[in-house]
file input.cif (mmCIF, C-alpha atoms)
data_final
#
loop_
_atom_site.label_atom_id
_atom_site.label_comp_id
_atom_site.auth_asym_id
_atom_site.auth_seq_id
_atom_site.Cartn_x
_atom_site.Cartn_y
_atom_site.Cartn_z
CA MET A 1 67.07 99.54 74.84
CA SER A 2 64.51 99.91 72.06
CA THR A 3 65.94 103.28 71.01
CA LEU A 4 69.40 101.75 70.66
CA ALA A 5 68.03 98.96 68.49
CA GLN A 6 66.27 101.27 66.08
CA PRO A 7 69.38 102.64 64.28
CA SER A 8 70.71 99.11 63.94
CA LEU A 9 67.45 97.94 62.43
CA ALA A 10 67.43 100.94 60.14
CA ARG A 11 70.92 100.18 58.93
CA SER A 12 69.98 96.52 58.36
CA SER A 13 66.91 97.58 56.43
CA HIS A 14 69.04 99.92 54.32
CA ILE A 15 71.55 97.15 53.56
CA ASP A 16 68.80 94.72 52.62
CA ALA A 17 67.21 97.31 50.37
CA SER A 18 70.55 98.00 48.72
CA ASN A 19 71.11 94.28 48.10
CA ARG A 20 67.72 93.93 46.50
CA GLY A 21 68.48 96.89 44.26
CA LEU A 22 72.00 95.78 43.30
CA SER A 23 72.06 95.64 39.52
CA ALA A 24 74.10 93.49 37.17
CA THR A 25 75.80 96.68 35.97
CA GLY A 26 76.81 97.49 39.53
CA ILE A 27 78.32 94.05 40.05
CA LEU A 28 80.22 94.30 36.75
CA ARG A 29 81.51 97.76 37.68
CA SER A 30 82.67 96.47 41.04
CA GLU A 31 84.54 93.56 39.47
CA TRP A 32 86.14 95.86 36.90
CA ILE A 33 87.42 98.09 39.71
CA LYS A 34 88.86 95.04 41.47
CA LEU A 35 90.53 93.73 38.32
CA ARG A 36 92.20 96.98 37.34
CA SER A 37 93.33 97.69 40.91
CA LEU A 38 95.43 94.52 41.06
CA ARG A 39 99.11 94.95 40.22
CA SER A 40 99.17 91.37 38.96
CA THR A 41 96.67 92.37 36.24
CA TRP A 42 98.90 95.12 34.85
CA TRP A 43 102.05 93.02 35.14
CA SER A 44 100.44 90.05 33.43
CA PHE A 45 98.95 92.05 30.58
CA GLY A 46 102.21 93.96 30.15
CA ILE A 47 104.18 90.71 29.93
CA ILE A 48 101.73 89.31 27.39
CA VAL A 49 102.11 92.37 25.15
CA ALA A 50 105.90 92.35 25.47
CA ILE A 51 106.19 88.63 24.71
CA GLN A 52 103.69 88.77 21.87
CA VAL A 53 105.28 91.69 20.03
CA GLY A 54 108.91 90.90 20.89
CA LEU A 55 108.78 87.26 19.84
CA ALA A 56 106.92 88.06 16.63
CA VAL A 57 109.58 90.60 15.64
CA LEU A 58 112.40 88.20 16.54
CA ILE A 59 110.92 85.40 14.44
CA ALA A 60 110.22 87.73 11.53
CA LEU A 61 113.80 88.99 11.53
CA THR A 62 115.23 85.47 11.58
CA ALA A 63 112.75 83.86 9.19
CA VAL A 64 114.15 81.95 6.22
CA LYS A 65 113.33 83.79 3.01
CA PRO A 66 111.26 81.72 0.56
CA THR A 67 112.30 81.38 -3.04
CA GLY A 68 110.02 83.89 -4.70
CA GLN A 69 106.71 85.40 -3.63
CA LEU A 70 104.46 83.14 -1.58
CA PRO A 71 100.83 82.59 -2.68
CA ALA A 72 98.20 84.50 -0.73
CA ASP A 73 97.06 81.56 1.43
CA ALA A 74 100.62 80.46 2.20
CA ALA A 75 101.59 84.04 3.03
CA THR A 76 98.68 84.33 5.46
CA ASP A 77 99.64 81.04 7.12
CA ALA A 78 103.24 82.20 7.48
CA ALA A 79 102.16 85.54 8.92
CA ILE A 80 99.84 83.85 11.42
CA SER A 81 102.61 81.47 12.49
CA THR A 82 104.90 84.43 13.14
CA ILE A 83 102.33 86.59 14.88
CA SER A 84 100.92 83.85 17.11
CA ALA A 85 104.28 82.49 18.30
CA GLY A 86 103.99 84.49 21.51
CA LEU A 87 100.80 82.67 22.46
CA LEU A 88 102.90 79.69 23.55
CA PHE A 89 104.14 81.77 26.49
CA GLY A 90 101.22 84.18 26.71
CA GLN A 91 98.84 81.32 27.54
CA LEU A 92 100.90 80.50 30.61
CA VAL A 93 100.75 84.09 31.83
CA ILE A 94 97.00 84.39 31.30
CA ALA A 95 96.48 81.02 32.99
CA VAL A 96 98.23 82.30 36.12
CA LEU A 97 96.23 85.54 36.03
CA GLY A 98 92.99 83.61 35.55
CA VAL A 99 93.63 81.75 38.79
CA LEU A 100 94.71 84.89 40.68
CA VAL A 101 91.57 86.81 39.70
CA ILE A 102 89.44 84.57 41.91
CA SER A 103 91.81 82.77 44.28
CA GLY A 104 93.33 86.03 45.47
CA GLU A 105 90.02 87.06 47.01
CA TYR A 106 89.78 83.78 48.88
CA SER A 107 93.31 84.14 50.26
CA THR A 108 92.68 87.68 51.52
CA GLY A 109 89.12 87.01 52.68
CA GLN A 110 87.72 89.74 50.44
CA ILE A 111 85.40 87.19 48.85
CA ARG A 112 83.25 87.34 52.01
CA SER A 113 82.53 91.01 51.38
CA SER A 114 81.56 90.21 47.79
CA PHE A 115 79.18 87.49 48.95
CA MET A 116 77.68 89.78 51.61
CA ALA A 117 76.89 92.29 48.88
CA VAL A 118 75.58 89.56 46.55
CA PRO A 119 74.27 86.68 48.70
CA SER A 120 73.31 84.55 45.68
CA ARG A 121 77.06 84.40 44.85
CA LEU A 122 76.76 83.21 41.25
CA PRO A 123 76.40 86.75 39.81
CA VAL A 124 79.80 87.50 41.35
CA LEU A 125 81.34 84.51 39.57
CA ALA A 126 79.68 85.47 36.29
CA ALA A 127 80.71 89.12 36.56
CA LYS A 128 84.31 88.20 37.30
CA ALA A 129 84.40 85.89 34.27
CA VAL A 130 82.84 88.49 31.94
CA VAL A 131 85.12 91.34 33.04
CA PHE A 132 88.21 89.15 32.89
CA ALA A 133 87.25 87.80 29.46
CA ILE A 134 86.63 91.25 27.95
CA ALA A 135 89.84 92.72 29.36
CA THR A 136 91.86 89.74 28.14
CA PHE A 137 90.38 89.89 24.65
CA VAL A 138 91.06 93.62 24.31
CA VAL A 139 94.67 93.29 25.46
CA GLY A 140 95.25 90.08 23.50
CA PHE A 141 93.76 91.37 20.26
CA ALA A 142 95.59 94.70 20.55
CA SER A 143 98.94 92.96 21.09
CA ILE A 144 98.33 90.59 18.17
CA VAL A 145 97.35 93.44 15.83
CA VAL A 146 100.44 95.42 16.88
CA SER A 147 102.53 92.31 16.20
CA TYR A 148 101.03 92.09 12.72
CA LEU A 149 101.59 95.77 11.94
CA VAL A 150 105.18 95.69 13.18
CA THR A 151 106.14 92.47 11.39
CA MET A 152 104.27 93.20 8.15
CA PRO A 153 107.07 95.26 6.52
CA ILE A 154 109.72 92.80 7.76
CA LEU A 155 107.86 89.83 6.30
CA ALA A 156 107.16 91.72 3.06
CA GLU A 157 110.89 92.08 2.46
CA ALA A 158 111.15 88.31 2.82
CA GLY A 159 108.44 87.73 0.22
CA VAL A 160 105.64 87.10 2.73
CA GLN A 161 102.83 89.55 2.12
CA ALA A 162 99.63 88.78 4.00
CA ASN A 163 96.79 90.80 2.50
CA PRO A 164 95.45 93.16 5.21
CA GLY A 165 92.17 93.34 3.31
CA ASP A 166 91.58 89.60 3.67
CA PRO A 167 88.72 89.03 6.18
CA ALA A 168 90.07 85.55 6.97
CA LEU A 169 93.27 87.11 8.30
CA TRP A 170 91.40 89.24 10.82
CA ILE A 171 89.15 86.36 11.83
CA ARG A 172 92.26 84.32 12.61
CA LEU A 173 93.79 87.21 14.55
CA ALA A 174 90.57 87.47 16.57
CA GLY A 175 90.69 83.70 17.04
CA ALA A 176 94.19 83.98 18.50
CA ALA A 177 92.96 86.57 21.00
CA GLY A 178 89.93 84.38 21.72
CA TYR A 179 92.27 81.49 22.48
CA LEU A 180 93.89 83.54 25.25
CA VAL A 181 90.45 84.37 26.63
CA LEU A 182 89.31 80.75 26.70
CA ILE A 183 92.53 79.50 28.29
CA GLY A 184 92.18 82.23 30.89
CA LEU A 185 88.57 81.22 31.61
CA VAL A 186 89.53 77.56 32.00
CA SER A 187 92.12 78.59 34.59
CA PHE A 188 89.61 80.94 36.18
CA GLY A 189 87.23 78.02 36.65
CA ILE A 190 90.00 75.88 38.12
CA GLY A 191 90.98 78.65 40.53
CA ALA A 192 87.36 79.17 41.59
CA ALA A 193 86.88 75.46 42.18
CA LEU A 194 90.11 74.93 44.15
CA ARG A 195 90.12 78.33 45.93
CA SER A 196 93.90 78.01 46.27
CA THR A 197 96.43 80.08 44.37
CA PRO A 198 99.27 77.50 44.40
CA GLY A 199 96.88 74.62 43.71
CA GLY A 200 95.06 76.48 40.96
CA ILE A 201 98.26 77.55 39.21
CA ALA A 202 99.71 74.04 39.46
CA ALA A 203 96.54 72.47 38.07
CA SER A 204 96.23 75.01 35.24
CA LEU A 205 99.84 74.75 34.12
CA GLY A 206 99.67 71.00 34.53
CA LEU A 207 96.70 70.86 32.16
CA LEU A 208 98.51 73.03 29.62
CA LEU A 209 102.01 71.56 29.86
CA VAL A 210 102.29 68.32 31.84
CA VAL A 211 99.23 66.39 30.68
CA PRO A 212 99.95 66.83 26.92
CA THR A 213 103.57 65.82 27.46
CA VAL A 214 102.57 62.68 29.37
CA PHE A 215 100.11 61.59 26.68
CA GLN A 216 102.64 62.27 23.92
CA LEU A 217 105.02 59.82 25.60
CA ILE A 218 102.41 57.06 25.28
CA SER A 219 102.66 55.34 21.91
CA ALA A 220 98.98 54.50 21.54
CA SER A 221 96.32 55.85 19.23
CA TRP A 222 93.96 56.70 22.09
CA ALA A 223 96.65 58.86 23.72
CA THR A 224 97.20 60.75 20.47
CA THR A 225 93.47 61.33 20.17
CA LEU A 226 93.21 62.60 23.73
CA VAL A 227 96.03 65.09 23.14
CA GLU A 228 94.09 66.55 20.23
CA TRP A 229 91.16 67.27 22.55
CA LEU A 230 93.18 69.03 25.24
CA PRO A 231 92.77 72.85 25.47
CA SER A 232 96.30 73.67 24.35
CA SER A 233 95.87 71.53 21.22
CA VAL A 234 92.29 72.05 20.18
CA GLY A 235 92.44 75.78 20.91
CA SER A 236 95.10 76.33 18.25
CA GLY A 237 92.42 75.47 15.69
CA LEU A 238 90.98 78.93 16.29
CA PHE A 239 93.88 80.52 14.40
CA TYR A 240 95.81 77.61 12.79
CA TRP A 241 93.29 76.49 10.20
CA GLY A 242 93.39 73.13 8.46
CA GLY A 243 94.08 70.94 11.49
CA THR A 244 92.02 68.20 13.10
CA PHE A 245 89.16 70.53 13.95
CA GLU A 246 87.41 73.19 11.94
CA PRO A 247 87.49 76.60 13.64
CA TRP A 248 83.85 76.35 14.76
CA GLN A 249 84.48 72.87 16.12
CA ALA A 250 87.54 74.06 18.02
CA LEU A 251 85.47 76.90 19.48
CA LEU A 252 82.74 74.52 20.66
CA VAL A 253 85.25 72.17 22.29
CA MET A 254 86.99 75.05 24.06
CA LEU A 255 83.65 76.39 25.27
CA GLY A 256 82.95 72.90 26.58
CA TRP A 257 86.17 72.96 28.61
CA VAL A 258 85.26 76.38 30.00
CA ALA A 259 81.72 75.25 30.84
CA VAL A 260 82.91 72.15 32.70
CA PHE A 261 85.27 74.03 35.01
CA ILE A 262 83.10 77.10 35.61
CA ALA A 263 79.98 74.96 36.19
CA THR A 264 81.95 72.89 38.71
CA ALA A 265 83.12 76.09 40.41
CA ALA A 266 79.54 77.42 40.49
CA VAL A 267 78.22 74.29 42.19
CA LEU A 268 81.01 74.31 44.77
CA MET A 269 80.62 78.03 45.36
CA LYS A 270 76.96 77.57 46.28
CA ARG A 271 77.61 74.58 48.56
CA ARG A 272 80.73 75.66 50.44
CA ASP A 273 81.28 78.38 53.00
CA ALA A 274 83.29 81.40 51.92
#
call {"tool": "encode", "arguments": {"input": "input.cif", "output": "structure tokens"}}
result
Amino acid sequence: MSTLAQPSLARSSHIDASNRGLSATGILRSEWIKLRSLRSTWWSFGIIVAIQVGLAVLIALTAVKPTGQLPADAATDAAISTISAGLLFGQLVIAVLGVLVISGEYSTGQIRSSFMAVPSRLPVLAAKAVVFAIATFVVGFASIVVSYLVTMPILAEAGVQANPGDPALWIRLAGAAGYLVLIGLVSFGIGAALRSTPGGIAASLGLLLVVPTVFQLISASWATTLVEWLPSSVGSGLFYWGGTFEPWQALLVMLGWVAVFIATAAVLMKRRDA
């Protein structure tokens, strides 16, 4: 009986030793493998690129030509408006993917394996968020830059020449990609808190689409103010400059939204069973 127990104890000791030695890099690598192995990841990112570039080209081709050459600032604003038009639909796609990244593991039960490998759980949540954020930024920024490069000659013929050497232009392009990341992280937090794919998607899209619409129907100053603080409104300040919020203020508010949902998910993840 004791001889049969020894291999089992040895295996348990090996597993415990492996858990103690599991590095942050190892957790990140594991989450990256999971993310890239999902078909929904490739479909979602592919749709974002197609919408981003396709809509930018369509708007550039149908844009009304101004009378004469636009000033540099006005040209940059016009270029940003054209390039970022796809974000209206891209945010919905990344919101769905943000929920699926975490809720999919709960629906399949794979999350239990992740928690067995990392019993403290929170590193798993953090690694998922980091990997998802980096992948989204890379894809989002690449699609936005491609949109700019493709539409630049079209807009130039219409008298809209955004200076590619202007640092502000590239900061705004990065801000547009950052907006996708932050919307995705908000949805990721919602999905982690609810642990339900249908519920997470409904809540995320409701926050982006339904809640702003409801408040806009209310003819009161407080409702207008609340709309300005919602993610879909305040986040646009990252690339549409000159609105209610300065870019740094918009970034702080968006980070606040992300922190609220991910912190809530972290607390629930520690308290609830997998």
call {"tool": "resolve_selection", "arguments": {"input": "input.cif", "expression": "the PyMOL selection byres ((chain A and resi 60-62) around 8)", "output": "JSON, numbers by chain"}}
result
{"A": [56, 57, 58, 59, 63, 64, 82, 151, 154, 155]}
call {"tool": "residues_around", "arguments": {"input": "input.cif", "residues": "segment 199-212 of chain A", "least_positions_apart": "5", "cutoff": "7 Å", "atoms": "all atoms listed in the file", "output": "list in words"}}
result
Leu92, Ala95, Val96, Val99, Ser187, Ile190, Gly191, Leu194, Val227 and Ser232 of chain A
call {"tool": "closest_residue", "arguments": {"input": "input.cif", "among": "A:Leu252, A:Ala192, A:Ile47, A:Leu182", "to": "Val124 of chain A", "atoms": "all atoms listed in the file"}}
result
A:Ala192
call {"tool": "closest_atom_pairs", "arguments": {"input": "input.cif", "of": "segment 68-134 of chain A", "to": "segment 259-263 of chain A", "cutoff": "10 Å", "atoms": "all atoms listed in the file", "output": "CSV"}}
result
residue,atom,partner,partner_atom,distance
A:Leu125,CA,A:Ile262,CA,8.6
A:Ala126,CA,A:Ile262,CA,9.1
A:Ala129,CA,A:Ile262,CA,9.0
call {"tool": "residues_around", "arguments": {"input": "input.cif", "residues": "Trp170 of chain A", "least_positions_apart": "5", "cutoff": "10 Å", "atoms": "all atoms listed in the file", "output": "PDB file with C-alpha atoms, in the coordinates of the input"}}
result
ATOM      1  CA  PHE A 141      93.760  91.370  20.260  1.00  0.00           C
ATOM      2  CA  VAL A 145      97.350  93.440  15.830  1.00  0.00           C
ATOM      3  CA  PRO A 164      95.450  93.160   5.210  1.00  0.00           C
ATOM      4  CA  GLY A 165      92.170  93.340   3.310  1.00  0.00           C
ATOM      5  CA  GLY A 175      90.690  83.700  17.040  1.00  0.00           C
ATOM      6  CA  ALA A 176      94.190  83.980  18.500  1.00  0.00           C
ATOM      7  CA  PHE A 239      93.880  80.520  14.400  1.00  0.00           C
TER       8      PHE A 239
END
call {"tool": "resolve_selection", "arguments": {"input": "input.cif", "expression": "the PyMOL selection byres ((chain A and resi 111) around 12)", "output": "PyMOL selection string"}}
result
chain A and resi 31+34+101-110+112-119+121+124-125+128+192+195+269+273-274
call {"tool": "closest_residue", "arguments": {"input": "input.cif", "among": "A:Ser196, A:Ser236, A:Ser40, A:Ser221", "to": "Gln91 of chain A", "atoms": "only C-alpha atoms"}}
result
A:Ser236
call {"tool": "atom_distance", "arguments": {"input": "input.cif", "atom1": "atom CA of Val258 of chain A", "atom2": "atom CA of Val146 of chain A"}}
result
27.7 Å
call {"tool": "atom_distance", "arguments": {"input": "input.cif", "atom1": "atom CA of Gly86 of chain A", "atom2": "atom CA of Ile144 of chain A"}}
result
9.0 Å
call {"tool": "closest_residue", "arguments": {"input": "input.cif", "among": "A:Gly237, A:Gly90, A:Pro123, A:Gly189", "to": "Gly140 of chain A", "atoms": "all atoms listed in the file"}}
result
A:Gly90
call {"tool": "axis_aligned_box", "arguments": {"input": "input.cif", "around": "segment 154-170 of chain A", "padding_each_side": "3 Å", "output": "lines of an AutoDock Vina configuration file"}}
result
center_x = 99.9
center_y = 89.4
center_z = 5.5
size_x = 28.4
size_y = 13.8
size_z = 16.6
call {"tool": "atom_distance", "arguments": {"input": "input.cif", "atom1": "atom CA of Thr76 of chain A", "atom2": "atom CA of Ser44 of chain A"}}
result
28.6 Å
call {"tool": "closest_residue", "arguments": {"input": "input.cif", "among": "A:Thr197, A:Ser30, A:Ser120, A:Thr213", "to": "Leu100 of chain A", "atoms": "only C-alpha atoms"}}
result
A:Thr197
call {"tool": "closest_residue", "arguments": {"input": "input.cif", "among": "A:Ala266, A:Leu230, A:Ile171, A:Met152", "to": "Val253 of chain A", "atoms": "all atoms listed in the file"}}
result
A:Leu230
call {"tool": "resolve_selection", "arguments": {"input": "input.cif", "expression": "the PyMOL selection byres ((chain A and resi 178) around 12)", "output": "PDB file with C-alpha atoms, in the coordinates of the input"}}
result
ATOM      1  CA  SER A  84     100.920  83.850  17.110  1.00  0.00           C
ATOM      2  CA  LEU A  87     100.800  82.670  22.460  1.00  0.00           C
ATOM      3  CA  GLN A  91      98.840  81.320  27.540  1.00  0.00           C
ATOM      4  CA  ILE A  94      97.000  84.390  31.300  1.00  0.00           C
ATOM      5  CA  ALA A 133      87.250  87.800  29.460  1.00  0.00           C
ATOM      6  CA  ILE A 134      86.630  91.250  27.950  1.00  0.00           C
ATOM      7  CA  ALA A 135      89.840  92.720  29.360  1.00  0.00           C
ATOM      8  CA  THR A 136      91.860  89.740  28.140  1.00  0.00           C
ATOM      9  CA  PHE A 137      90.380  89.890  24.650  1.00  0.00           C
ATOM     10  CA  VAL A 138      91.060  93.620  24.310  1.00  0.00           C
ATOM     11  CA  VAL A 139      94.670  93.290  25.460  1.00  0.00           C
ATOM     12  CA  GLY A 140      95.250  90.080  23.500  1.00  0.00           C
ATOM     13  CA  PHE A 141      93.760  91.370  20.260  1.00  0.00           C
ATOM     14  CA  ALA A 142      95.590  94.700  20.550  1.00  0.00           C
ATOM     15  CA  ILE A 144      98.330  90.590  18.170  1.00  0.00           C
ATOM     16  CA  ILE A 171      89.150  86.360  11.830  1.00  0.00           C
ATOM     17  CA  ARG A 172      92.260  84.320  12.610  1.00  0.00           C
ATOM     18  CA  LEU A 173      93.790  87.210  14.550  1.00  0.00           C
ATOM     19  CA  ALA A 174      90.570  87.470  16.570  1.00  0.00           C
ATOM     20  CA  GLY A 175      90.690  83.700  17.040  1.00  0.00           C
ATOM     21  CA  ALA A 176      94.190  83.980  18.500  1.00  0.00           C
ATOM     22  CA  ALA A 177      92.960  86.570  21.000  1.00  0.00           C
ATOM     23  CA  TYR A 179      92.270  81.490  22.480  1.00  0.00           C
ATOM     24  CA  LEU A 180      93.890  83.540  25.250  1.00  0.00           C
ATOM     25  CA  VAL A 181      90.450  84.370  26.630  1.00  0.00           C
ATOM     26  CA  LEU A 182      89.310  80.750  26.700  1.00  0.00           C
ATOM     27  CA  ILE A 183      92.530  79.500  28.290  1.00  0.00           C
ATOM     28  CA  GLY A 184      92.180  82.230  30.890  1.00  0.00           C
ATOM     29  CA  LEU A 185      88.570  81.220  31.610  1.00  0.00           C
ATOM     30  CA  GLY A 235      92.440  75.780  20.910  1.00  0.00           C
ATOM     31  CA  SER A 236      95.100  76.330  18.250  1.00  0.00           C
ATOM     32  CA  GLY A 237      92.420  75.470  15.690  1.00  0.00           C
ATOM     33  CA  LEU A 238      90.980  78.930  16.290  1.00  0.00           C
ATOM     34  CA  PHE A 239      93.880  80.520  14.400  1.00  0.00           C
ATOM     35  CA  PRO A 247      87.490  76.600  13.640  1.00  0.00           C
ATOM     36  CA  ALA A 250      87.540  74.060  18.020  1.00  0.00           C
ATOM     37  CA  LEU A 251      85.470  76.900  19.480  1.00  0.00           C
ATOM     38  CA  MET A 254      86.990  75.050  24.060  1.00  0.00           C
ATOM     39  CA  LEU A 255      83.650  76.390  25.270  1.00  0.00           C
TER      40      LEU A 255
END
call {"tool": "closest_residue", "arguments": {"input": "input.cif", "among": "A:Val160, A:Leu268, A:Val131, A:Ala220", "to": "Thr25 of chain A", "atoms": "only C-alpha atoms"}}
result
A:Val131
call {"tool": "decode", "arguments": {"input": "input.cif", "residues": "segment 257-274 of chain A", "atoms": "N, CA, C and O atoms", "output": "tab-separated table (two decimals), in the first residue's frame"}}
result
chain	number	residue	atom	x	y	z
A	257	TRP	N	-12.91	53.45	-15.81
A	257	TRP	CA	-13.92	52.46	-16.20
A	257	TRP	C	-13.31	51.05	-16.21
A	257	TRP	O	-13.92	50.10	-15.71
A	258	VAL	N	-12.12	50.93	-16.80
A	258	VAL	CA	-11.46	49.62	-16.85
A	258	VAL	C	-11.18	49.11	-15.44
A	258	VAL	O	-11.44	47.94	-15.12
A	259	ALA	N	-10.68	49.99	-14.57
A	259	ALA	CA	-10.33	49.59	-13.21
A	259	ALA	C	-11.56	49.11	-12.44
A	259	ALA	O	-11.48	48.12	-11.69
A	260	VAL	N	-12.67	49.80	-12.60
A	260	VAL	CA	-13.89	49.42	-11.88
A	260	VAL	C	-14.33	48.00	-12.24
A	260	VAL	O	-14.59	47.17	-11.36
A	261	PHE	N	-14.39	47.70	-13.52
A	261	PHE	CA	-14.89	46.39	-13.94
A	261	PHE	C	-13.88	45.27	-13.67
A	261	PHE	O	-14.27	44.18	-13.24
A	262	ILE	N	-12.60	45.52	-13.90
A	262	ILE	CA	-11.62	44.47	-13.67
A	262	ILE	C	-11.41	44.24	-12.17
A	262	ILE	O	-11.22	43.10	-11.73
A	263	ALA	N	-11.47	45.31	-11.36
A	263	ALA	CA	-11.36	45.13	-9.91
A	263	ALA	C	-12.54	44.34	-9.39
A	263	ALA	O	-12.38	43.45	-8.52
A	264	THR	N	-13.74	44.63	-9.90
A	264	THR	CA	-14.92	43.86	-9.51
A	264	THR	C	-14.76	42.39	-9.89
A	264	THR	O	-15.07	41.48	-9.10
A	265	ALA	N	-14.26	42.14	-11.10
A	265	ALA	CA	-14.04	40.77	-11.55
A	265	ALA	C	-13.00	40.07	-10.69
A	265	ALA	O	-13.14	38.87	-10.37
A	266	ALA	N	-11.96	40.79	-10.28
A	266	ALA	CA	-10.91	40.20	-9.45
A	266	ALA	C	-11.45	39.77	-8.09
A	266	ALA	O	-11.14	38.68	-7.59
A	267	VAL	N	-12.26	40.63	-7.49
A	267	VAL	CA	-12.85	40.30	-6.19
A	267	VAL	C	-13.76	39.07	-6.30
A	267	VAL	O	-13.69	38.14	-5.49
A	268	LEU	N	-14.60	39.05	-7.32
A	268	LEU	CA	-15.51	37.92	-7.51
A	268	LEU	C	-14.76	36.65	-7.85
A	268	LEU	O	-15.16	35.56	-7.43
A	269	MET	N	-13.67	36.78	-8.59
A	269	MET	CA	-12.90	35.61	-8.99
A	269	MET	C	-12.26	34.94	-7.76
A	269	MET	O	-12.13	33.72	-7.70
A	270	LYS	N	-11.86	35.73	-6.80
A	270	LYS	CA	-11.25	35.19	-5.58
A	270	LYS	C	-12.30	34.54	-4.66
A	270	LYS	O	-12.01	33.59	-3.96
A	271	ARG	N	-13.53	35.08	-4.68
A	271	ARG	CA	-14.55	34.62	-3.74
A	271	ARG	C	-15.36	33.44	-4.24
A	271	ARG	O	-15.84	32.63	-3.46
A	272	ARG	N	-15.52	33.34	-5.58
A	272	ARG	CA	-16.42	32.32	-6.11
A	272	ARG	C	-15.65	31.07	-6.55
A	272	ARG	O	-14.46	31.13	-6.85
A	273	ASP	N	-16.35	29.96	-6.60
A	273	ASP	CA	-15.79	28.75	-7.13
A	273	ASP	C	-15.68	28.85	-8.64
A	273	ASP	O	-16.47	29.55	-9.28
A	274	ALA	N	-14.73	28.12	-9.21
A	274	ALA	CA	-14.57	28.13	-10.66
A	274	ALA	C	-15.72	27.40	-11.33
A	274	ALA	O	-16.05	27.66	-12.45
